[in-house]
>>> print(open('final06.cif').read())   # mmCIF, C-alpha atoms and all ligand atoms
data_coords
#
loop_
_atom_site.label_atom_id
_atom_site.label_comp_id
_atom_site.auth_asym_id
_atom_site.auth_seq_id
_atom_site.Cartn_x
_atom_site.Cartn_y
_atom_site.Cartn_z
CA MET A 1 -1.96 -2.78 -1.49
CA ALA A 2 -1.66 1.00 -1.00
CA SER A 3 -1.57 2.85 -4.30
CA VAL A 4 1.21 5.31 -4.97
CA LYS A 5 -1.27 8.12 -4.47
CA GLU A 6 -2.28 6.86 -1.03
CA LYS A 7 1.39 6.58 -0.07
CA SER A 8 1.95 10.20 -1.06
CA LYS A 9 2.68 12.48 1.86
CA GLN A 10 3.36 15.82 0.24
CA ASN A 11 1.40 15.44 -2.96
CA GLY A 12 4.22 16.78 -5.09
CA LYS A 13 4.61 20.03 -3.16
CA ALA A 14 7.52 21.55 -1.28
CA PRO A 15 6.63 21.97 2.40
CA ALA A 16 5.00 25.36 2.85
CA ALA A 17 5.82 26.06 6.52
CA PRO A 18 8.52 28.64 7.20
CA ALA A 19 11.93 27.01 7.47
CA ALA A 20 13.92 26.93 10.69
CA VAL A 21 17.68 27.35 10.77
CA ALA A 22 19.40 24.01 11.49
CA GLU A 23 20.96 23.64 14.92
CA LYS A 24 24.46 23.02 13.62
CA ILE A 25 25.92 24.19 10.35
CA GLN A 26 26.54 21.28 8.04
CA HIS A 27 28.77 22.89 5.43
CA PRO A 28 31.92 25.03 5.20
CA LYS A 29 31.47 28.80 5.39
CA GLU A 30 32.64 29.27 1.76
CA ARG A 31 29.78 27.10 0.54
CA TYR A 32 27.14 29.18 2.34
CA MET A 33 28.73 32.34 0.98
CA TYR A 34 28.75 30.94 -2.57
CA TRP A 35 25.08 29.96 -2.22
CA TYR A 36 24.11 33.43 -1.08
CA GLU A 37 26.08 35.27 -3.75
CA SER A 38 25.18 32.96 -6.61
CA MET A 39 21.44 32.84 -5.84
CA GLN A 40 21.34 36.58 -5.30
CA LEU A 41 23.11 37.18 -8.62
CA GLN A 42 20.62 34.96 -10.46
CA ARG A 43 17.72 36.79 -8.83
CA LYS A 44 18.96 40.34 -9.38
CA PHE A 45 19.99 39.53 -12.95
CA GLU A 46 16.51 38.26 -13.72
CA GLU A 47 14.67 41.03 -11.88
CA LYS A 48 16.55 43.42 -14.16
CA ALA A 49 15.80 41.26 -17.23
CA GLY A 50 12.10 41.38 -16.30
CA GLN A 51 12.21 45.19 -16.14
CA LEU A 52 14.01 45.43 -19.46
CA TYR A 53 11.42 43.17 -21.02
CA GLY A 54 8.77 45.63 -19.89
CA GLN A 55 10.71 48.36 -21.70
CA GLN A 56 10.84 46.15 -24.84
CA LYS A 57 14.63 46.09 -24.76
CA ILE A 58 14.35 42.32 -24.46
CA ARG A 59 11.83 40.71 -26.79
CA GLY A 60 10.57 37.26 -27.69
CA PHE A 61 10.33 34.46 -25.17
CA CYS A 62 11.70 34.96 -21.67
CA HIS A 63 11.13 32.54 -18.78
CA LEU A 64 12.37 33.64 -15.39
CA TYR A 65 13.81 31.26 -12.78
CA ILE A 66 13.04 33.52 -9.80
CA GLY A 67 12.22 31.31 -6.77
CA GLN A 68 14.02 28.28 -8.18
CA GLU A 69 17.62 29.42 -7.56
CA ALA A 70 18.42 26.74 -4.96
CA CYS A 71 18.08 24.11 -7.72
CA SER A 72 21.07 25.46 -9.67
CA SER A 73 23.28 26.65 -6.80
CA GLY A 74 22.74 23.58 -4.61
CA SER A 75 23.54 21.26 -7.52
CA TYR A 76 26.63 23.25 -8.43
CA THR A 77 28.39 22.70 -5.10
CA ALA A 78 27.68 18.95 -5.25
CA LEU A 79 29.37 18.41 -8.63
CA THR A 80 32.75 18.98 -10.29
CA LYS A 81 33.75 21.53 -12.93
CA ASP A 82 33.97 18.74 -15.55
CA ASP A 83 30.40 17.49 -15.15
CA LYS A 84 27.94 18.42 -17.91
CA TRP A 85 24.66 20.32 -17.55
CA ILE A 86 21.59 20.46 -19.76
CA THR A 87 18.16 21.98 -19.18
CA ALA A 88 15.03 23.35 -20.85
CA TYR A 89 14.25 26.98 -21.72
CA ARG A 90 14.11 28.37 -18.16
CA ASP A 91 17.84 28.57 -18.49
CA HIS A 92 19.39 31.79 -17.16
CA GLY A 93 19.97 30.63 -13.58
CA ILE A 94 22.06 27.52 -14.24
CA PRO A 95 24.82 29.14 -16.35
CA ILE A 96 25.02 32.04 -13.87
CA ALA A 97 25.49 29.52 -11.03
CA LEU A 98 28.16 27.76 -13.12
CA GLY A 99 30.11 31.00 -13.53
CA SER A 100 29.18 32.09 -17.06
CA ASP A 101 29.77 35.75 -17.78
CA PRO A 102 26.49 37.60 -17.05
CA LYS A 103 27.41 40.08 -19.80
CA ALA A 104 27.21 37.34 -22.45
CA ILE A 105 23.87 36.12 -21.10
CA MET A 106 22.36 39.61 -20.97
CA ALA A 107 23.65 40.29 -24.50
CA GLU A 108 21.98 37.06 -25.65
CA LEU A 109 18.67 38.26 -24.17
CA PHE A 110 19.14 41.47 -26.18
CA ALA A 111 19.86 39.35 -29.33
CA LYS A 112 23.27 40.98 -29.67
CA GLN A 113 26.35 39.63 -31.46
CA THR A 114 28.28 39.39 -28.18
CA GLY A 115 25.67 37.06 -26.66
CA SER A 116 26.53 33.53 -25.55
CA SER A 117 24.85 32.15 -28.71
CA LYS A 118 25.96 35.13 -30.85
CA GLY A 119 22.55 36.71 -30.48
CA LYS A 120 20.86 33.98 -32.51
CA GLY A 121 19.40 31.89 -29.70
CA GLY A 122 17.80 34.35 -27.31
CA SER A 123 16.59 33.60 -23.81
CA MET A 124 15.67 29.96 -24.43
CA HIS A 125 19.00 28.96 -25.99
CA ILE A 126 21.84 29.97 -23.70
CA PHE A 127 24.91 27.74 -24.22
CA ASP A 128 28.37 28.01 -22.66
CA LYS A 129 30.93 25.36 -23.45
CA SER A 130 33.47 26.94 -21.10
CA VAL A 131 31.37 25.89 -18.09
CA ASN A 132 30.00 22.68 -19.69
CA PHE A 133 26.49 24.09 -20.05
CA ILE A 134 24.93 22.36 -23.05
CA GLY A 135 21.77 24.46 -23.34
CA GLY A 136 18.97 25.80 -23.17
CA HIS A 137 16.29 23.75 -25.15
CA GLY A 138 12.84 24.91 -26.20
CA ILE A 139 11.14 21.62 -27.03
CA VAL A 140 9.61 20.32 -23.82
CA GLY A 141 11.38 17.09 -22.82
CA ALA A 142 13.77 16.99 -25.80
CA GLN A 143 16.78 17.47 -23.56
CA ILE A 144 16.03 14.32 -21.51
CA PRO A 145 17.41 11.76 -24.01
CA MET A 146 20.13 14.25 -24.95
CA GLY A 147 21.26 14.28 -21.32
CA ALA A 148 21.36 10.47 -21.35
CA GLY A 149 23.39 10.66 -24.57
CA ILE A 150 25.89 13.05 -23.04
CA ALA A 151 26.22 10.69 -20.07
CA PHE A 152 26.80 7.84 -22.52
CA THR A 153 29.71 9.78 -24.03
CA GLU A 154 31.24 10.29 -20.60
CA LYS A 155 30.94 6.61 -19.81
CA TYR A 156 32.27 5.55 -23.23
CA ASN A 157 35.28 7.84 -22.82
CA LYS A 158 35.76 6.67 -19.19
CA THR A 159 36.02 10.26 -17.95
CA GLY A 160 34.40 9.73 -14.55
CA ASN A 161 32.16 12.75 -15.27
CA LEU A 162 28.39 12.76 -15.21
CA CYS A 163 25.58 14.73 -16.84
CA ILE A 164 22.91 16.43 -14.74
CA THR A 165 19.75 16.69 -16.81
CA PHE A 166 17.01 19.10 -15.76
CA MET A 167 13.38 19.11 -16.90
CA GLY A 168 10.08 20.64 -15.82
CA ASP A 169 7.09 18.80 -14.37
CA GLY A 170 5.37 19.22 -17.75
CA ALA A 171 8.24 17.38 -19.44
CA VAL A 172 7.78 14.17 -17.47
CA ARG A 173 4.63 13.62 -19.54
CA GLN A 174 6.72 13.14 -22.67
CA GLY A 175 7.35 9.64 -23.97
CA ALA A 176 11.01 10.51 -24.41
CA LEU A 177 11.43 10.41 -20.63
CA HIS A 178 10.50 6.72 -20.51
CA GLU A 179 12.78 5.76 -23.38
CA ALA A 180 15.66 7.65 -21.81
CA PHE A 181 15.02 6.19 -18.33
CA ASN A 182 14.98 2.66 -19.71
CA MET A 183 18.22 2.99 -21.69
CA ALA A 184 19.99 4.92 -18.94
CA MET A 185 19.19 2.18 -16.42
CA LEU A 186 20.01 -0.64 -18.82
CA TRP A 187 23.42 0.87 -19.56
CA LYS A 188 23.93 2.31 -16.04
CA LEU A 189 24.72 5.73 -17.45
CA PRO A 190 26.23 8.40 -15.19
CA VAL A 191 23.25 10.74 -15.33
CA ILE A 192 21.25 12.58 -12.68
CA PHE A 193 17.75 13.28 -13.94
CA VAL A 194 16.14 16.20 -12.12
CA VAL A 195 12.54 17.26 -12.43
CA GLU A 196 12.12 20.82 -11.21
CA ASN A 197 8.55 20.41 -10.03
CA ASN A 198 7.33 24.00 -9.70
CA GLY A 199 3.72 22.82 -9.66
CA TYR A 200 2.73 24.09 -13.10
CA ALA A 201 3.34 23.55 -16.78
CA MET A 202 2.33 26.95 -18.16
CA GLY A 203 -1.09 27.35 -16.49
CA THR A 204 -1.73 23.66 -15.86
CA SER A 205 -1.11 22.20 -12.42
CA VAL A 206 0.45 18.79 -11.90
CA GLU A 207 -2.82 17.60 -10.32
CA ARG A 208 -4.74 18.36 -13.52
CA THR A 209 -2.51 16.27 -15.75
CA SER A 210 -1.30 13.44 -13.62
CA ASN A 211 -2.73 10.60 -11.60
CA VAL A 212 0.64 10.28 -9.88
CA THR A 213 1.61 13.57 -8.26
CA ASP A 214 4.71 12.30 -6.45
CA LEU A 215 6.72 12.52 -9.63
CA TYR A 216 9.83 10.84 -8.23
CA THR A 217 7.90 7.55 -8.09
CA LEU A 218 7.89 7.38 -11.90
CA ALA A 219 11.43 6.02 -11.64
CA GLU A 220 10.20 2.95 -9.78
CA ALA A 221 9.06 1.35 -13.04
CA TYR A 222 12.71 1.24 -14.07
CA ASP A 223 14.19 0.30 -10.68
CA MET A 224 15.90 3.68 -10.74
CA PRO A 225 16.71 5.13 -7.31
CA SER A 226 14.72 8.32 -6.74
CA GLU A 227 13.72 10.75 -4.02
CA PRO A 228 11.78 13.96 -3.41
CA VAL A 229 13.88 16.98 -2.40
CA ASP A 230 12.83 20.20 -0.64
CA ALA A 231 14.35 22.42 -3.32
CA MET A 232 13.46 25.67 -1.56
CA ASN A 233 16.36 24.66 0.68
CA VAL A 234 19.76 24.79 -0.99
CA GLU A 235 21.38 22.47 1.56
CA ALA A 236 18.83 19.73 0.84
CA VAL A 237 19.54 20.10 -2.89
CA HIS A 238 23.30 19.84 -2.35
CA GLU A 239 22.92 16.73 -0.24
CA ALA A 240 20.58 14.90 -2.63
CA VAL A 241 22.74 15.70 -5.67
CA SER A 242 25.85 14.58 -3.76
CA ARG A 243 24.25 11.19 -3.09
CA ALA A 244 23.20 10.81 -6.72
CA ALA A 245 26.65 11.84 -7.97
CA GLU A 246 28.35 9.31 -5.75
CA ARG A 247 26.15 6.59 -7.19
CA ALA A 248 26.79 7.71 -10.77
CA ARG A 249 30.57 7.80 -10.28
CA ALA A 250 30.55 4.38 -8.63
CA GLY A 251 29.10 2.95 -11.86
CA GLU A 252 25.66 2.41 -10.33
CA GLY A 253 23.87 4.49 -12.95
CA PRO A 254 21.15 7.11 -12.90
CA THR A 255 19.08 8.69 -10.14
CA PHE A 256 15.83 10.63 -10.49
CA LEU A 257 15.43 13.59 -8.14
CA GLU A 258 12.17 15.48 -7.77
CA PHE A 259 13.11 19.02 -6.79
CA ARG A 260 10.04 20.54 -5.17
CA THR A 261 10.34 24.16 -6.01
CA TYR A 262 8.25 27.16 -7.03
CA ARG A 263 8.41 29.97 -9.55
CA TYR A 264 7.28 33.33 -8.21
CA ARG A 265 6.77 34.90 -11.64
CA GLY A 266 4.48 33.81 -14.44
CA HIS A 267 5.38 31.04 -16.86
CA SER A 268 6.72 33.58 -19.30
CA MET A 269 6.40 37.33 -19.58
CA SER A 270 2.79 37.29 -20.75
CA ASP A 271 1.02 35.21 -18.12
CA PRO A 272 -2.01 36.66 -16.26
CA GLN A 273 -1.60 33.86 -13.64
CA LYS A 274 -5.31 33.14 -13.30
CA TYR A 275 -4.55 29.52 -12.39
CA ARG A 276 -3.19 30.23 -8.90
CA LYS A 277 -3.94 32.39 -5.91
CA LYS A 278 -1.69 35.21 -4.77
CA GLU A 279 -1.66 33.61 -1.28
CA GLU A 280 -0.04 30.49 -2.71
CA VAL A 281 2.85 32.55 -4.05
CA GLU A 282 3.20 34.39 -0.76
CA GLU A 283 3.25 31.11 1.14
CA TYR A 284 6.23 29.89 -0.86
CA LYS A 285 8.04 33.18 -0.39
CA LEU A 286 8.08 32.40 3.35
CA ARG A 287 10.52 29.64 2.44
CA ASP A 288 12.54 31.71 0.02
CA PRO A 289 15.85 29.93 -0.67
CA ILE A 290 17.92 33.11 -0.44
CA GLU A 291 16.27 34.18 2.83
CA GLN A 292 16.92 30.72 4.28
CA VAL A 293 20.65 30.86 3.52
CA LYS A 294 20.84 34.46 4.71
CA ALA A 295 19.25 33.47 8.04
CA THR A 296 21.80 30.68 8.50
CA ILE A 297 24.73 32.96 7.64
CA LEU A 298 23.61 35.65 10.07
CA GLU A 299 22.44 33.39 12.91
CA LYS A 300 25.60 31.30 12.80
CA GLY A 301 27.83 34.36 12.53
CA LEU A 302 29.40 33.30 9.21
CA ALA A 303 29.18 36.91 8.03
CA THR A 304 27.59 40.18 9.12
CA GLN A 305 24.73 42.10 7.54
CA GLU A 306 27.37 44.61 6.34
CA ASP A 307 29.26 41.81 4.58
CA LEU A 308 26.05 40.75 2.83
CA ASN A 309 25.30 44.37 1.88
CA ALA A 310 28.73 44.57 0.27
CA ILE A 311 27.97 41.42 -1.75
CA ASP A 312 24.63 42.91 -2.83
CA GLN A 313 26.42 46.08 -3.96
CA LYS A 314 28.92 44.04 -5.96
CA ILE A 315 26.06 42.14 -7.61
CA LYS A 316 24.30 45.38 -8.52
CA GLY A 317 27.50 46.47 -10.27
CA ILE A 318 27.76 43.18 -12.19
CA VAL A 319 24.13 43.39 -13.33
CA ASP A 320 24.41 47.07 -14.35
CA GLU A 321 27.59 46.31 -16.25
CA SER A 322 25.90 43.42 -18.09
CA VAL A 323 23.09 45.74 -19.22
CA LYS A 324 25.53 48.42 -20.38
CA PHE A 325 27.51 45.80 -22.30
CA ALA A 326 24.36 44.41 -23.94
CA GLU A 327 23.05 47.85 -24.86
CA GLU A 328 26.34 48.95 -26.39
CA SER A 329 26.89 45.71 -28.36
CA PRO A 330 25.96 45.49 -32.06
CA TYR A 331 23.26 43.25 -33.51
CA PRO A 332 24.62 40.31 -35.54
CA ALA A 333 25.43 41.12 -39.18
CA PRO A 334 22.85 39.74 -41.66
CA GLU A 335 25.31 37.14 -43.04
CA GLU A 336 25.54 35.62 -39.54
CA ALA A 337 22.15 34.03 -40.23
CA PHE A 338 23.90 31.48 -42.48
CA LYS A 339 26.72 30.65 -40.07
CA ASP A 340 26.69 27.87 -37.45
CA VAL A 341 23.75 26.15 -39.13
CA TYR A 342 23.85 22.72 -40.73
CA MET A 343 23.98 23.17 -44.48
CA GLN A 344 24.90 20.75 -47.26
CA GLU A 345 25.59 22.47 -50.59
CA ASP A 346 24.79 19.40 -52.70
CA TYR A 347 21.74 18.22 -50.74
CA PRO A 348 19.82 16.30 -53.43
CA PHE A 349 16.26 16.76 -52.27
CA LEU A 350 15.95 20.54 -52.39
CA MET A 351 13.11 21.82 -54.58
CA GLU A 352 13.54 25.26 -56.10
C1 LIG B 1 6.96 19.44 -27.25
C2 LIG B 1 6.42 20.75 -26.75
N1 LIG B 1 5.12 20.86 -26.45
C3 LIG B 1 4.61 22.04 -26.01
C4 LIG B 1 5.43 23.13 -25.87
C5 LIG B 1 4.86 24.44 -25.35
N2 LIG B 1 5.32 24.65 -23.98
C6 LIG B 1 6.33 25.46 -23.72
S1 LIG B 1 6.69 25.51 -22.10
C7 LIG B 1 5.48 24.44 -21.71
C8 LIG B 1 5.23 24.03 -20.27
C9 LIG B 1 6.28 23.14 -19.69
O1 LIG B 1 6.23 23.19 -18.29
P1 LIG B 1 7.28 22.52 -17.35
O2 LIG B 1 7.89 21.35 -18.04
O3 LIG B 1 6.63 22.27 -16.06
O4 LIG B 1 8.45 23.60 -17.18
P2 LIG B 1 8.40 25.02 -16.45
O5 LIG B 1 7.96 26.02 -17.48
O6 LIG B 1 7.49 24.93 -15.29
O7 LIG B 1 9.82 25.28 -16.06
C10 LIG B 1 4.78 24.05 -22.85
C11 LIG B 1 3.64 23.13 -22.85
C12 LIG B 1 6.79 22.99 -26.22
N3 LIG B 1 7.67 23.98 -26.11
N4 LIG B 1 7.27 21.77 -26.64
MG MG B 2 6.69 23.35 -14.27
#
>>> encode(input="final06.cif", output="structure tokens", more="lines below")
Ligand SMILES: Cc1ncc(C[n+]2csc(CCOP(=O)(O)OP(=O)(O)O)c2C)c(N)n1
Ligand SMILES: [Mg+2]
Amino acid sequence: MASVKEKSKQNGKAPAAPAAVAEKIQHPKERYMYWYESMQLQRKFEEKAGQLYGQQKIRGFCHLYIGQEACSSGSYTALTKDDKWITAYRDHGIPIALGSDPKAIMAELFAKQTGSSKGKGGSMHIFDKSVNFIGGHGIVGAQIPMGAGIAFTEKYNKTGNLCITFMGDGAVRQGALHEAFNMAMLWKLPVIFVVENNGYAMGTSVERTSNVTDLYTLAEAYDMPSEPVDAMNVEAVHEAVSRAAERARAGEGPTFLEFRTYRYRGHSMSDPQKYRKKEEVEEYKLRDPIEQVKATILEKGLATQEDLNAIDQKIKGIVDESVKFAEESPYPAPEEAFKDVYMQEDYPFLME
């Protein structure tokens, strides 16, 4: 019998050849335009955040999503406004795709009172209830069972909504994944599990930590439907998430999608990137998700270069405004440290 590894075609990697524009457009014009604008906003927002980090205006942890934008934007167009979203700490792109106010996210990066978590969470803990974004979690893999729990709530309340639960390739090594997969399948929870396989967990490649490099096959142990997705291509992401959502809403339970993606920047802001070659990064840039959508828009005449320039200008304004807002906002007052935290006045086990 062929082992999973022998069956593997792509070895956990997104295809590296330059993408060709599809012969016929598969989606309405508005969707392509949303993809372009939303991915470009995520990218420009984070390029600016990276610069500000260099100037020490943003401090602490900061993990950029640059290169992975098709994962958020492609999922967004496949779901409804009432579906729930949860992810790890590489968490600026998703809320931007969902329509969160970039000012509140930038202010959170600056640790300001006006930030989406009142300046107390920072980059890794963006939350925005208004768009159903339930964080932003720093413990690798901890959000996986939480995502299953959120899906349980939706099922229990018969809402028809689902929870899309993102994780990194490093997170699939956590035991919590297996517990969550088992329960989610047993109870047929409306959850889409997504591993954003960007090839590395900090400086450690998937090949160094895993016998099975086609991560989607992990779902087979639970009879969970799963598939690999070229997540440098936003259309492929949309289509895979649409299929998974249909299954979830039909009461058929979870799906596990392996988004094959790539991060252009380091793991965090202090990463010398000795674990990969510059050529590898350049190879992935040939399949840049924004460039792919741009090529489709221009080749199919959905908009002109001037139209796209106008969008870029608008985005520059939004990003500049978010920085101004963050810079001018106050830091939280000291007493804020004791608000929004679990505290029981008569807790009996405190030792003075
Ligand atoms: C339980 C736990 N172990 C270790 C860490 C330290 N840590 C932070 S990020 C990270 C790598 C995770 O990589 P991956 O899941 O692939 O996500 P990516 O950064 O690529 O988005 C590690 C080991 C942590 N935050 N939590
Ligand atoms: Mg990773």
>>> atom_distance(input="final06.cif", atom1="atom MG of ligand MG 2 (chain B)", atom2="CA of Ser100 in chain A")
24.3 Å
>>> closest_residue(input="final06.cif", among="A:Cys62, A:Ile315, A:Ala111, A:Ile297", to="Tyr32 in chain A", atoms="all atoms listed in the file")
A:Ile297
>>> closest_residue(input="final06.cif", among="A:Tyr222, A:Phe166, A:Phe338, A:Tyr275", to="Phe193 in chain A", atoms="only C-alpha atoms")
A:Phe166
>>> atom_distance(input="final06.cif", atom1="CA of Phe259 in chain A", atom2="CA of Ala303 in chain A")
28.2 Å
>>> axis_aligned_box(input="final06.cif", around="range 294-297 of chain A", padding_each_side="5 Å", output="lines of an AutoDock Vina configuration file")
center_x = 22.0
center_y = 32.6
center_z = 6.6
size_x = 15.5
size_y = 13.8
size_z = 13.8
>>> atom_distance(input="final06.cif", atom1="CA of Gly115 in chain A", atom2="CA of Ser270 in chain A")
23.6 Å
>>> residues_near_ligand(input="final06.cif", ligand="ligand MG 2 (chain B)", cutoff="12 Å", atoms="only C-alpha atoms and all ligand atoms", output="count of residues only")
45
>>> closest_residue(input="final06.cif", among="A:Met33, A:Leu286, A:Ile126, A:Leu257", to="Ala107 in chain A", atoms="all atoms listed in the file")
A:Ile126
>>> residues_around(input="final06.cif", residues="range 229-246 of chain A", least_positions_apart="2", cutoff="7 Å", atoms="only C-alpha atoms", output="MDAnalysis selection string")
chainID A and resid 14 70:71 74:75 77:78 192 227 248:250 255 257:261 287:289
>>> closest_residue(input="final06.cif", among="A:Lys316, A:Lys118, A:His92, A:Lys285", to="ligand LIG 1 (chain B)", atoms="all atoms listed in the file")
A:His92
>>> residues_around(input="final06.cif", residues="Asp101 in chain A", least_positions_apart="5", cutoff="9 Å", atoms="all atoms listed in the file", output="list in words")
Pro95, Ile96, Met106, Ser116 and Ser322 of chain A
>>> closest_residue(input="final06.cif", among="A:Leu162, A:Ala337, A:Met39, A:Val21", to="Leu98 in chain A", atoms="only C-alpha atoms")
A:Met39
>>> closest_residue(input="final06.cif", among="A:Pro334, A:Gly50, A:Gly175, A:Pro190", to="ligand LIG 1 (chain B)", atoms="only C-alpha atoms and all ligand atoms")
A:Gly175
>>> residues_around(input="final06.cif", residues="Lys84 in chain A", least_positions_apart="2", cutoff="9 Å", atoms="only C-alpha atoms", output="list of chain:residue names")
A:Lys81, A:Asp82, A:Ile86, A:Val131, A:Asn132, A:Phe133, A:Ile134, A:Gly147, A:Ile150, A:Ala151, A:Asn161, A:Leu162, A:Cys163, A:Ile164, A:Thr165
>>> build_atoms(input="final06.cif", residues="range 254-275 of chain A", atoms="N, CA and C atoms", output="PDB file, keeping the file's coordinate frame")
ATOM      1  N   PRO A 254      21.923   5.893 -13.109  1.00  0.00           N
ATOM      2  CA  PRO A 254      21.150   7.110 -12.900  1.00  0.00           C
ATOM      3  C   PRO A 254      20.358   7.175 -11.591  1.00  0.00           C
ATOM      4  N   THR A 255      19.987   8.404 -11.255  1.00  0.00           N
ATOM      5  CA  THR A 255      19.080   8.690 -10.140  1.00  0.00           C
ATOM      6  C   THR A 255      18.067   9.706 -10.657  1.00  0.00           C
ATOM      7  N   PHE A 256      16.861   9.647 -10.132  1.00  0.00           N
ATOM      8  CA  PHE A 256      15.830  10.630 -10.490  1.00  0.00           C
ATOM      9  C   PHE A 256      15.476  11.422  -9.247  1.00  0.00           C
ATOM     10  N   LEU A 257      15.733  12.725  -9.276  1.00  0.00           N
ATOM     11  CA  LEU A 257      15.430  13.590  -8.140  1.00  0.00           C
ATOM     12  C   LEU A 257      14.248  14.490  -8.473  1.00  0.00           C
ATOM     13  N   GLU A 258      13.281  14.542  -7.581  1.00  0.00           N
ATOM     14  CA  GLU A 258      12.170  15.480  -7.770  1.00  0.00           C
ATOM     15  C   GLU A 258      12.427  16.694  -6.883  1.00  0.00           C
ATOM     16  N   PHE A 259      12.875  17.765  -7.510  1.00  0.00           N
ATOM     17  CA  PHE A 259      13.110  19.020  -6.790  1.00  0.00           C
ATOM     18  C   PHE A 259      11.763  19.713  -6.629  1.00  0.00           C
ATOM     19  N   ARG A 260      11.294  19.835  -5.401  1.00  0.00           N
ATOM     20  CA  ARG A 260      10.040  20.540  -5.170  1.00  0.00           C
ATOM     21  C   ARG A 260      10.345  22.011  -4.967  1.00  0.00           C
ATOM     22  N   THR A 261       9.939  22.771  -5.957  1.00  0.00           N
ATOM     23  CA  THR A 261      10.340  24.160  -6.010  1.00  0.00           C
ATOM     24  C   THR A 261       9.139  25.011  -6.410  1.00  0.00           C
ATOM     25  N   TYR A 262       9.383  26.270  -6.704  1.00  0.00           N
ATOM     26  CA  TYR A 262       8.250  27.160  -7.030  1.00  0.00           C
ATOM     27  C   TYR A 262       8.759  28.352  -7.823  1.00  0.00           C
ATOM     28  N   ARG A 263       8.019  28.728  -8.846  1.00  0.00           N
ATOM     29  CA  ARG A 263       8.410  29.970  -9.550  1.00  0.00           C
ATOM     30  C   ARG A 263       7.478  31.079  -9.109  1.00  0.00           C
ATOM     31  N   TYR A 264       8.081  32.208  -8.707  1.00  0.00           N
ATOM     32  CA  TYR A 264       7.280  33.330  -8.210  1.00  0.00           C
ATOM     33  C   TYR A 264       6.617  34.089  -9.353  1.00  0.00           C
ATOM     34  N   ARG A 265       7.304  34.138 -10.504  1.00  0.00           N
ATOM     35  CA  ARG A 265       6.770  34.900 -11.640  1.00  0.00           C
ATOM     36  C   ARG A 265       5.888  34.003 -12.496  1.00  0.00           C
ATOM     37  N   GLY A 266       5.311  34.592 -13.525  1.00  0.00           N
ATOM     38  CA  GLY A 266       4.480  33.810 -14.440  1.00  0.00           C
ATOM     39  C   GLY A 266       5.320  32.838 -15.243  1.00  0.00           C
ATOM     40  N   HIS A 267       4.649  32.003 -16.023  1.00  0.00           N
ATOM     41  CA  HIS A 267       5.380  31.040 -16.860  1.00  0.00           C
ATOM     42  C   HIS A 267       6.366  31.751 -17.769  1.00  0.00           C
ATOM     43  N   SER A 268       5.853  32.759 -18.456  1.00  0.00           N
ATOM     44  CA  SER A 268       6.720  33.580 -19.300  1.00  0.00           C
ATOM     45  C   SER A 268       6.308  35.019 -19.030  1.00  0.00           C
ATOM     46  N   MET A 269       6.651  35.935 -19.905  1.00  0.00           N
ATOM     47  CA  MET A 269       6.400  37.330 -19.580  1.00  0.00           C
ATOM     48  C   MET A 269       4.944  37.753 -19.816  1.00  0.00           C
ATOM     49  N   SER A 270       4.191  36.923 -20.505  1.00  0.00           N
ATOM     50  CA  SER A 270       2.790  37.290 -20.750  1.00  0.00           C
ATOM     51  C   SER A 270       1.879  36.228 -20.141  1.00  0.00           C
ATOM     52  N   ASP A 271       1.799  36.226 -18.818  1.00  0.00           N
ATOM     53  CA  ASP A 271       1.020  35.210 -18.120  1.00  0.00           C
ATOM     54  C   ASP A 271       0.166  35.901 -17.059  1.00  0.00           C
ATOM     55  N   PRO A 272      -1.153  35.983 -17.249  1.00  0.00           N
ATOM     56  CA  PRO A 272      -2.010  36.660 -16.260  1.00  0.00           C
ATOM     57  C   PRO A 272      -2.146  35.890 -14.944  1.00  0.00           C
ATOM     58  N   GLN A 273      -1.647  34.669 -14.879  1.00  0.00           N
ATOM     59  CA  GLN A 273      -1.600  33.860 -13.640  1.00  0.00           C
ATOM     60  C   GLN A 273      -2.966  33.654 -12.995  1.00  0.00           C
ATOM     61  N   LYS A 274      -3.950  33.362 -13.832  1.00  0.00           N
ATOM     62  CA  LYS A 274      -5.310  33.140 -13.300  1.00  0.00           C
ATOM     63  C   LYS A 274      -5.450  31.761 -12.652  1.00  0.00           C
ATOM     64  N   TYR A 275      -4.459  30.912 -12.838  1.00  0.00           N
ATOM     65  CA  TYR A 275      -4.550  29.520 -12.390  1.00  0.00           C
ATOM     66  C   TYR A 275      -4.095  29.321 -10.952  1.00  0.00           C
TER      67      TYR A 275
END
